[in-house]
Structure formats: structure tokens, C-alpha cells
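Have a look at input-v6.pdb; it's PDB, C-alpha atoms:
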MODEL        1
ATOM      1  CA  SER C 260      -3.743   8.558 -10.607
ATOM      2  CA  PHE C 261      -1.115  10.602  -8.711
ATOM      3  CA  LEU C 262      -3.118  10.162  -5.496
ATOM      4  CA  GLY C 263      -3.116   6.389  -5.946
ATOM      5  CA  ARG C 264       0.664   6.316  -6.454
ATOM      6  CA  GLU C 265       1.119   8.530  -3.400
ATOM      7  CA  PHE C 266      -1.134   6.172  -1.455
ATOM      8  CA  LEU C 267       0.990   3.178  -2.430
ATOM      9  CA  SER C 268       4.172   5.107  -1.551
ATOM     10  CA  TRP C 269       2.693   6.034   1.821
ATOM     11  CA  LEU C 270       1.673   2.415   2.483
ATOM     12  CA  TRP C 271       5.155   1.205   1.596
ATOM     13  CA  PHE C 272       6.683   3.860   3.866
ATOM     14  CA  HIS C 273       4.471   2.747   6.754
ATOM     15  CA  VAL C 274       5.212  -0.920   6.204
ATOM     16  CA  GLU C 275       8.940  -0.245   6.301
ATOM     17  CA  THR C 276       9.053   2.361   9.086
ATOM     18  CA  GLY C 277       5.993   1.715  11.207
ATOM     19  CA  GLU C 278       5.897  -2.079  11.191
ATOM     20  CA  GLY C 279       2.885  -1.895   8.868
ATOM     21  CA  VAL C 280       0.357  -1.089  11.591
ATOM     22  CA  ILE C 281      -2.189   1.584  10.677
ATOM     23  CA  ALA C 282      -4.760   2.753  13.212
ATOM     24  CA  LEU C 283      -8.175   3.039  11.577
ATOM     25  CA  SER C 284     -11.038   5.422  12.288
ATOM     26  CA  ASN C 285     -13.262   2.579  13.524
ATOM     27  CA  GLY C 286     -10.900   1.967  16.463
ATOM     28  CA  THR C 287      -9.206  -1.099  14.978
ATOM     29  CA  ASP C 288      -5.828  -1.571  13.333
ATOM     30  CA  ALA C 289      -4.849  -2.864   9.928
ATOM     31  CA  LEU C 290      -1.595  -4.720   9.495
ATOM     32  CA  LEU C 291       0.043  -4.521   6.068
ATOM     33  CA  SER C 292       3.047  -6.056   4.413
ATOM     34  CA  VAL C 293       4.346  -5.580   0.858
ATOM     35  CA  VAL C 294       4.578  -9.047  -0.689
ATOM     36  CA  ASN C 295       5.057 -10.807  -4.020
ATOM     37  CA  GLN C 296       5.378  -7.810  -6.353
ATOM     38  CA  ALA C 297       6.240  -4.158  -6.633
ATOM     39  CA  ASN C 298       5.826  -2.367  -9.948
ATOM     40  CA  LEU C 299       7.377   1.088 -10.028
ATOM     41  CA  ARG C 300       7.410   3.713 -12.742
ATOM     42  CA  CYS C 301       8.386   7.302 -13.089
ATOM     43  CA  ASP C 302       5.891  10.042 -13.718
ATOM     44  CA  PHE C 303       5.343  10.563 -17.443
ATOM     45  CA  ASN C 304       7.439   7.422 -18.207
ATOM     46  CA  LEU C 305      10.642   9.457 -18.504
ATOM     47  CA  SER C 306      12.981   6.950 -16.859
ATOM     48  CA  GLY C 307      11.123   3.724 -17.427
ATOM     49  CA  ALA C 308       9.621   1.199 -15.098
ATOM     50  CA  ILE C 309      10.708  -1.756 -13.029
ATOM     51  CA  SER C 310       8.851  -4.805 -11.799
ATOM     52  CA  VAL C 311      10.240  -6.710  -8.833
ATOM     53  CA  ARG C 312       8.826 -10.096  -7.940
ATOM     54  CA  ALA C 313       9.990 -11.574  -4.641
ATOM     55  CA  ASP C 314       8.614 -12.625  -1.269
ATOM     56  CA  ALA C 315       9.489  -9.192   0.132
ATOM     57  CA  PRO C 316       9.946  -6.892  -2.889
ATOM     58  CA  ALA C 317      10.007  -3.748  -0.743
ATOM     59  CA  ARG C 318      13.295  -4.884   0.785
ATOM     60  CA  MET C 319      15.038  -5.644  -2.487
ATOM     61  CA  ALA C 320      17.885  -3.371  -3.579
ATOM     62  CA  GLU C 321      16.248  -2.932  -6.992
ATOM     63  CA  SER C 322      13.068  -1.567  -5.431
ATOM     64  CA  LYS C 323      14.958   0.807  -3.187
ATOM     65  CA  ALA C 324      17.072   2.052  -6.089
ATOM     66  CA  ALA C 325      13.923   2.640  -8.128
ATOM     67  CA  LEU C 326      12.418   4.705  -5.294
ATOM     68  CA  ALA C 327      15.645   6.674  -4.976
ATOM     69  CA  SER C 328      15.626   7.436  -8.713
ATOM     70  CA  GLY C 329      12.177   9.023  -8.416
ATOM     71  CA  LYS C 330       9.966   6.113  -9.394
ATOM     72  CA  GLN C 331       6.751   5.490  -7.470
ATOM     73  CA  PRO C 332       4.854   2.270  -6.966
ATOM     74  CA  SER C 333       2.171   1.752  -9.585
ATOM     75  CA  ARG C 334       1.060  -1.655  -8.279
ATOM     76  CA  ILE C 335       2.078  -3.536  -5.166
ATOM     77  CA  GLY C 336       1.236  -6.868  -3.643
ATOM     78  CA  LEU C 337      -0.163  -6.608  -0.140
ATOM     79  CA  LEU C 338      -0.854  -8.903   2.735
ATOM     80  CA  LEU C 339      -3.618  -7.141   4.644
ATOM     81  CA  ALA C 340      -4.913  -8.247   8.026
ATOM     82  CA  SER C 341      -7.518  -6.870  10.385
ATOM     83  CA  ARG C 342      -9.760  -8.322  13.034
ATOM     84  CA  SER C 343     -12.036  -9.426  10.173
ATOM     85  CA  GLY C 344      -9.471 -11.624   8.451
ATOM     86  CA  GLU C 345      -6.299 -11.790   6.403
ATOM     87  CA  TRP C 346      -6.114 -11.321   2.649
ATOM     88  CA  SER C 347      -3.522 -11.321  -0.101
ATOM     89  CA  LEU C 348      -4.040  -8.966  -3.040
ATOM     90  CA  SER C 349      -2.449  -6.644  -5.559
ATOM     91  CA  LEU C 350      -3.463  -2.992  -5.441
ATOM     92  CA  ASP C 351      -3.170  -0.809  -8.531
ATOM     93  CA  GLY C 352      -2.444   2.858  -7.812
ATOM     94  CA  ALA C 353      -3.962   4.359 -10.957
ATOM     95  CA  SER C 354      -7.313   2.582 -10.781
ATOM     96  CA  MET C 355      -7.313   1.651  -7.088
ATOM     97  CA  GLY C 356      -8.352  -1.736  -8.408
ATOM     98  CA  VAL C 357      -7.819  -4.918  -6.444
ATOM     99  CA  PHE C 358      -6.386  -7.855  -8.375
ATOM    100  CA  GLY C 359      -5.716 -11.449  -7.412
ATOM    101  CA  LEU C 360      -7.637 -11.271  -4.133
ATOM    102  CA  GLN C 361      -7.136 -14.358  -2.028
ATOM    103  CA  ILE C 362      -9.560 -14.707   0.833
ATOM    104  CA  PRO C 363      -9.084 -17.051   3.776
ATOM    105  CA  LYS C 364     -10.381 -20.573   3.321
ATOM    106  CA  ASP C 365     -13.279 -21.409   5.594
ATOM    107  CA  GLU C 366     -12.296 -24.705   7.159
ATOM    108  CA  SER C 367     -15.724 -25.303   8.666
ATOM    109  CA  ALA C 368     -16.895 -28.621   7.239
ATOM    110  CA  GLU C 369     -20.392 -28.075   8.624
ATOM    111  CA  LYS C 370     -21.296 -25.360   6.130
ATOM    112  CA  ASP C 371     -23.309 -26.111   3.062
ATOM    113  CA  GLY C 372     -22.797 -24.430  -0.306
ATOM    114  CA  THR C 373     -24.953 -21.418   0.539
ATOM    115  CA  GLN C 374     -23.216 -20.846   3.878
ATOM    116  CA  MET C 375     -19.805 -21.138   2.207
ATOM    117  CA  LEU C 376     -20.817 -18.573  -0.423
ATOM    118  CA  GLU C 377     -22.121 -16.211   2.257
ATOM    119  CA  SER C 378     -18.888 -16.592   4.209
ATOM    120  CA  ARG C 379     -16.810 -15.781   1.112
ATOM    121  CA  CYS C 380     -18.973 -12.749   0.306
ATOM    122  CA  GLU C 381     -18.619 -11.497   3.887
ATOM    123  CA  SER C 382     -14.841 -11.813   3.542
ATOM    124  CA  VAL C 383     -14.875  -9.753   0.326
ATOM    125  CA  VAL C 384     -16.992  -7.080   2.020
ATOM    126  CA  SER C 385     -14.581  -7.068   4.982
ATOM    127  CA  VAL C 386     -11.490  -6.580   2.830
ATOM    128  CA  CYS C 387     -13.230  -3.754   0.940
ATOM    129  CA  GLU C 388     -14.203  -2.050   4.190
ATOM    130  CA  THR C 389     -10.673  -2.430   5.557
ATOM    131  CA  LEU C 390      -9.089  -1.021   2.390
ATOM    132  CA  ASP C 391     -11.565   1.873   2.469
ATOM    133  CA  LEU C 392     -10.586   2.671   6.066
ATOM    134  CA  VAL C 393      -6.869   2.548   5.225
ATOM    135  CA  PHE C 394      -7.439   4.844   2.234
ATOM    136  CA  GLU C 395      -9.562   7.167   4.391
ATOM    137  CA  LYS C 396      -6.653   7.431   6.852
ATOM    138  CA  PHE C 397      -4.325   8.394   4.003
ATOM    139  CA  VAL C 398      -6.707  10.925   2.426
ATOM    140  CA  ARG C 399      -7.361  12.654   5.751
ATOM    141  CA  LEU C 400      -3.603  12.958   6.286
ATOM    142  CA  ARG C 401      -2.863  13.914   2.674
ATOM    143  CA  PHE C 402      -5.201  16.885   2.777
ATOM    144  CA  SER C 403      -4.302  18.019   6.278
ATOM    145  CA  LYS C 404      -1.651  20.387   7.588
ATOM    146  CA  GLN C 405       0.339  17.357   8.796
ATOM    147  CA  TRP C 406       1.043  16.239   5.210
ATOM    148  CA  GLU C 407       4.066  18.533   4.871
ATOM    149  CA  GLU C 408       5.722  16.823   7.845
ATOM    150  CA  GLU C 409       4.753  13.360   6.591
ATOM    151  CA  HIS C 410       6.059  14.187   3.116
ATOM    152  CA  ALA C 411       9.388  15.252   4.639
ATOM    153  CA  LYS C 412       9.627  11.929   6.514
ATOM    154  CA  ILE C 413       8.927  10.000   3.325
ATOM    155  CA  ALA C 414      11.524  12.066   1.441
ATOM    156  CA  MET C 415      14.145  11.320   4.115
ATOM    157  CA  TRP C 416      13.253   7.633   4.023
ATOM    158  CA  VAL C 417      13.608   7.502   0.226
ATOM    159  CA  ALA C 418      16.826   9.549   0.266
ATOM    160  CA  GLN C 419      18.577   6.900   2.345
ATOM    161  CA  PHE C 420      18.379   4.488  -0.627
ATOM    162  CA  ASP C 421      20.286   6.773  -3.027
ATOM    163  CA  PRO C 422      23.957   5.761  -3.157
ATOM    164  CA  SER C 423      24.946   8.790  -5.238
ATOM    165  CA  GLU C 424      26.040  12.163  -3.917
ATOM    166  CA  THR C 425      22.890  13.832  -5.190
ATOM    167  CA  LYS C 426      19.783  12.561  -3.486
ATOM    168  CA  ALA C 427      16.721  12.184  -5.711
ATOM    169  CA  ALA C 428      13.578  13.778  -4.357
ATOM    170  CA  PRO C 429      10.529  11.541  -4.247
ATOM    171  CA  ARG C 430       7.999  12.480  -6.885
ATOM    172  CA  LEU C 431       5.159  13.157  -4.518
ATOM    173  CA  ALA C 432       3.030  16.209  -5.124
ATOM    174  CA  SER C 433       4.014  19.251  -3.099
ATOM    175  CA  ALA C 434       2.620  19.704   0.355
ATOM    176  CA  GLY C 435      -0.822  21.232   0.581
TER     177      GLY C 435
ENDMDL
END

Conversion result in C-alpha cells:
Amino acid sequence: SFLGREFLSWLWFHVETGEGVIALSNGTDALLSVVNQANLRCDFNLSGAISVRADAPARMAESKAALASGKQPSRIGLLLASRSGEWSLSLDGASMGVFGLQIPKDESAEKDGTQMLESRCESVVSVCETLDLVFEKFVRLRFSKQWEEEHAKIAMWVAQFDPSETKAAPRLASAG
């Protein structure tokens, strides 16, 4: 589950520092935004957990303080868009499970029940493919030589939220 929490941390970092645009291996981009919820917990439940519900939970002081204290996202709400569509969902870091998926409504009045069902299934397949490509991007980076540099950037980003003299290190696994 540590990889899932690191993935959610990395996504959050990219949303906040890279305008949420992630170039995918298929030549397209995914656009992400953290919305509706952010659940954060410390490794081994030593310092508890926090759940923030807001339109933009990643920008809330409580979320930033939780990151600074060493907590990592365990579940976040995402708005995910690609050329295939736009979806709202919650992504769980431990299971990589998708919860509360909202797919775009097909406004085409000409479609019958079968066509509507096919359209909805195609949308589910598209969101799965997009999430897979985003995760692939992360995994390739995570197990590359560039991870050490990326980890340092994330650590600096998190450190800016700590108001105390002693900056808390993010609880990401060591580089390598």
C-alpha cells in the first residue's frame, strides 16, 4: 500500500505544482484536480488521520498541515479529464480502488437503451485506461534514476507547509 500512498502524494504534488497536467505514454495528456475529499494518515497510525471535505481539499490549511506532519493521502477525490472524457472519482491508495465514479451524461436523445449502455461502458473503459496510463507514468518514474530528484522536489514542496522551525520530512520511501 506504500506505493499507492506515494502515487496519491505524487498526484497531489503535480496538481499543485504542475497545473495537474500529466503527459501520458500514448501521446495524450491527462488533467487532474484534487476535489471533494482528502483523507490523510500517518504510516503505522502513529499520529492519527484527518479527513478534509471541501471543493478544493488540497488547498486547505488542514490538508497542508497534515502533509507537513508526515501524513500521506490514503484516499483523494479526483476530477480526471482526457480526450476521452471527464470523470469524478475517489481513488484509494491502499487498494487502488475507484469509488464513487461519475461518468459524463450522454445528452444524445437519439440513443436507445442499448446504445446508452454501450456509451456508459465505453466511458468506464476510458477512465480505466486513463488511470492506468497515469499510474504507468508514476511507476516508470518511481523506479527510475530520476526518482531521487522528484522525491527531493516533493520534500521541498511539503516542507513549505510546516510552520515550525523543524521541517517534517515526507514519509515517502527512500530513493531507489

* What would the list of residues within 12 Å of (-1.6, 5.6, -8.7) (file frame) look like as a count of residues only, if only C-alpha atoms are what count? -> 30

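Each of C:Pro316, C:Gly359, C:Gly336, C:Gly344 was compared to Ala289 (chain C) using only C-alpha atoms, and C:Gly344 turns out to be the nearest.
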
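If you measure from each of C:Ser378, C:Asn285, C:Ser341, C:Ser292 to Leu270 (chain C) using only C-alpha atoms, the closest one turns out to be C:Ser292.
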
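Each of C:Val386, C:Ser349, C:Arg342, C:Ala317 was checked against Thr276 (chain C) using all atoms listed in the file; the smallest atom-to-atom distance is that of C:Ala317.
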
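Closest approach to Gln361 (chain C) among C:Phe394, C:Trp346, C:Phe272, C:Trp416: C:Trp346, based on only C-alpha atoms.
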
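Between CA of Val294 (chain C) and CA of Leu338 (chain C) there is a distance of 6.4 Å.
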
* To do: Translate the PyMOL selection byres ((chain C and resi 287) around 12), as applied to the file shown, into an explicit residue set as a ChimeraX atom specification.
  => /C:280-286,288-290,340-343,388-389,392-393

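The coordinates place CA of Val384 (chain C) at 14.9 Å from CA of Phe358 (chain C).
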
* Asked: If you apply the PyMOL selection byres ((chain C and resi 314) around 6) to this file, what residues do you get, as number ranges by chain?
  -> C: 294-295, 313, 315

* Structure fact -> One decimal place gives the CA of Trp271 (chain C)-CA of Ile413 (chain C) separation as 9.7 Å

* To do: Identify the residues within 12 Å of coordinate (-9.4, -18.7, 1.9) (same frame as the file), considering all atoms listed in the file, and give the answer as an MDAnalysis selection string.
  => chainID C and resid 344:347 360:367 375:376 378:383

* **6 Å contact set for region 324-327 of chain C, only C-alpha atoms, chain neighbours under 2 positions out, as a PyMOL selection string** => chain C and resi 321-322+329-330+417+420-421+427

Can you patch up region 355-366 of chain C, filling it in to all heavy atoms, and show the result as a PDB file, in the coordinates of the input?
ATOM      1  N   MET C 355      -6.957   2.107  -8.429  1.00  0.00           N
ATOM      2  CA  MET C 355      -7.313   1.651  -7.088  1.00  0.00           C
ATOM      3  C   MET C 355      -8.033   0.313  -7.173  1.00  0.00           C
ATOM      4  O   MET C 355      -8.818  -0.043  -6.296  1.00  0.00           O
ATOM      5  CB  MET C 355      -8.138   2.697  -6.336  1.00  0.00           C
ATOM      6  CG  MET C 355      -7.369   3.976  -6.041  1.00  0.00           C
ATOM      7  SD  MET C 355      -5.870   3.717  -5.054  1.00  0.00           S
ATOM      8  CE  MET C 355      -6.579   3.256  -3.500  1.00  0.00           C
ATOM      9  N   GLY C 356      -7.751  -0.417  -8.216  1.00  0.00           N
ATOM     10  CA  GLY C 356      -8.352  -1.736  -8.408  1.00  0.00           C
ATOM     11  C   GLY C 356      -7.616  -2.796  -7.623  1.00  0.00           C
ATOM     12  O   GLY C 356      -6.399  -2.730  -7.434  1.00  0.00           O
ATOM     13  N   VAL C 357      -8.367  -3.773  -7.161  1.00  0.00           N
ATOM     14  CA  VAL C 357      -7.819  -4.918  -6.444  1.00  0.00           C
ATOM     15  C   VAL C 357      -7.758  -6.077  -7.423  1.00  0.00           C
ATOM     16  O   VAL C 357      -8.726  -6.383  -8.116  1.00  0.00           O
ATOM     17  CB  VAL C 357      -8.709  -5.281  -5.229  1.00  0.00           C
ATOM     18  CG1 VAL C 357      -8.263  -6.592  -4.590  1.00  0.00           C
ATOM     19  CG2 VAL C 357      -8.691  -4.153  -4.206  1.00  0.00           C
ATOM     20  N   PHE C 358      -6.603  -6.733  -7.470  1.00  0.00           N
ATOM     21  CA  PHE C 358      -6.386  -7.855  -8.375  1.00  0.00           C
ATOM     22  C   PHE C 358      -5.865  -9.048  -7.583  1.00  0.00           C
ATOM     23  O   PHE C 358      -5.122  -8.881  -6.616  1.00  0.00           O
ATOM     24  CB  PHE C 358      -5.372  -7.476  -9.466  1.00  0.00           C
ATOM     25  CG  PHE C 358      -5.845  -6.344 -10.324  1.00  0.00           C
ATOM     26  CD1 PHE C 358      -5.570  -5.032  -9.983  1.00  0.00           C
ATOM     27  CD2 PHE C 358      -6.592  -6.598 -11.462  1.00  0.00           C
ATOM     28  CE1 PHE C 358      -6.016  -3.975 -10.758  1.00  0.00           C
ATOM     29  CE2 PHE C 358      -7.042  -5.551 -12.244  1.00  0.00           C
ATOM     30  CZ  PHE C 358      -6.755  -4.245 -11.898  1.00  0.00           C
ATOM     31  N   GLY C 359      -6.237 -10.223  -8.002  1.00  0.00           N
ATOM     32  CA  GLY C 359      -5.716 -11.449  -7.412  1.00  0.00           C
ATOM     33  C   GLY C 359      -6.066 -11.621  -5.941  1.00  0.00           C
ATOM     34  O   GLY C 359      -5.279 -12.181  -5.185  1.00  0.00           O
ATOM     35  N   LEU C 360      -7.239 -11.175  -5.534  1.00  0.00           N
ATOM     36  CA  LEU C 360      -7.637 -11.271  -4.133  1.00  0.00           C
ATOM     37  C   LEU C 360      -7.737 -12.721  -3.702  1.00  0.00           C
ATOM     38  O   LEU C 360      -8.398 -13.528  -4.346  1.00  0.00           O
ATOM     39  CB  LEU C 360      -8.984 -10.570  -3.908  1.00  0.00           C
ATOM     40  CG  LEU C 360      -9.581 -10.681  -2.507  1.00  0.00           C
ATOM     41  CD1 LEU C 360      -8.681  -9.985  -1.481  1.00  0.00           C
ATOM     42  CD2 LEU C 360     -10.978 -10.085  -2.484  1.00  0.00           C
ATOM     43  N   GLN C 361      -7.042 -13.034  -2.627  1.00  0.00           N
ATOM     44  CA  GLN C 361      -7.136 -14.358  -2.028  1.00  0.00           C
ATOM     45  C   GLN C 361      -7.746 -14.190  -0.646  1.00  0.00           C
ATOM     46  O   GLN C 361      -7.174 -13.494   0.203  1.00  0.00           O
ATOM     47  CB  GLN C 361      -5.765 -15.016  -1.932  1.00  0.00           C
ATOM     48  CG  GLN C 361      -5.153 -15.298  -3.276  1.00  0.00           C
ATOM     49  CD  GLN C 361      -3.770 -15.914  -3.165  1.00  0.00           C
ATOM     50  OE1 GLN C 361      -3.270 -16.179  -2.084  1.00  0.00           O
ATOM     51  NE2 GLN C 361      -3.144 -16.145  -4.304  1.00  0.00           N
ATOM     52  N   ILE C 362      -8.888 -14.800  -0.457  1.00  0.00           N
ATOM     53  CA  ILE C 362      -9.560 -14.707   0.833  1.00  0.00           C
ATOM     54  C   ILE C 362      -9.264 -15.971   1.633  1.00  0.00           C
ATOM     55  O   ILE C 362      -8.924 -17.008   1.071  1.00  0.00           O
ATOM     56  CB  ILE C 362     -11.078 -14.488   0.673  1.00  0.00           C
ATOM     57  CG1 ILE C 362     -11.737 -15.628  -0.086  1.00  0.00           C
ATOM     58  CG2 ILE C 362     -11.350 -13.165  -0.031  1.00  0.00           C
ATOM     59  CD1 ILE C 362     -13.237 -15.524  -0.170  1.00  0.00           C
ATOM     60  N   PRO C 363      -9.382 -15.872   2.955  1.00  0.00           N
ATOM     61  CA  PRO C 363      -9.084 -17.051   3.776  1.00  0.00           C
ATOM     62  C   PRO C 363     -10.047 -18.193   3.471  1.00  0.00           C
ATOM     63  O   PRO C 363     -11.233 -17.967   3.203  1.00  0.00           O
ATOM     64  CB  PRO C 363      -9.283 -16.559   5.215  1.00  0.00           C
ATOM     65  CG  PRO C 363      -9.512 -15.100   5.148  1.00  0.00           C
ATOM     66  CD  PRO C 363      -9.782 -14.721   3.741  1.00  0.00           C
ATOM     67  N   LYS C 364      -9.524 -19.397   3.511  1.00  0.00           N
ATOM     68  CA  LYS C 364     -10.381 -20.573   3.321  1.00  0.00           C
ATOM     69  C   LYS C 364     -11.158 -20.803   4.606  1.00  0.00           C
ATOM     70  O   LYS C 364     -10.617 -20.714   5.694  1.00  0.00           O
ATOM     71  CB  LYS C 364      -9.540 -21.793   2.994  1.00  0.00           C
ATOM     72  CG  LYS C 364      -8.856 -21.707   1.645  1.00  0.00           C
ATOM     73  CD  LYS C 364      -8.275 -23.049   1.278  1.00  0.00           C
ATOM     74  CE  LYS C 364      -7.346 -22.977   0.136  1.00  0.00           C
ATOM     75  NZ  LYS C 364      -7.753 -22.749  -1.136  1.00  0.00           N
ATOM     76  N   ASP C 365     -12.434 -21.090   4.446  1.00  0.00           N
ATOM     77  CA  ASP C 365     -13.279 -21.409   5.594  1.00  0.00           C
ATOM     78  C   ASP C 365     -13.181 -22.914   5.817  1.00  0.00           C
ATOM     79  O   ASP C 365     -13.662 -23.700   5.008  1.00  0.00           O
ATOM     80  CB  ASP C 365     -14.716 -20.971   5.328  1.00  0.00           C
ATOM     81  CG  ASP C 365     -15.575 -21.044   6.566  1.00  0.00           C
ATOM     82  OD1 ASP C 365     -15.165 -21.679   7.563  1.00  0.00           O
ATOM     83  OD2 ASP C 365     -16.670 -20.468   6.547  1.00  0.00           O
ATOM     84  N   GLU C 366     -12.547 -23.296   6.895  1.00  0.00           N
ATOM     85  CA  GLU C 366     -12.296 -24.705   7.159  1.00  0.00           C
ATOM     86  C   GLU C 366     -13.488 -25.421   7.794  1.00  0.00           C
ATOM     87  O   GLU C 366     -13.421 -26.603   8.071  1.00  0.00           O
ATOM     88  CB  GLU C 366     -11.066 -24.843   8.082  1.00  0.00           C
ATOM     89  CG  GLU C 366      -9.798 -24.243   7.500  1.00  0.00           C
ATOM     90  CD  GLU C 366      -9.348 -24.934   6.227  1.00  0.00           C
ATOM     91  OE1 GLU C 366      -9.602 -26.139   6.056  1.00  0.00           O
ATOM     92  OE2 GLU C 366      -8.736 -24.253   5.386  1.00  0.00           O
TER      93      GLU C 366
END
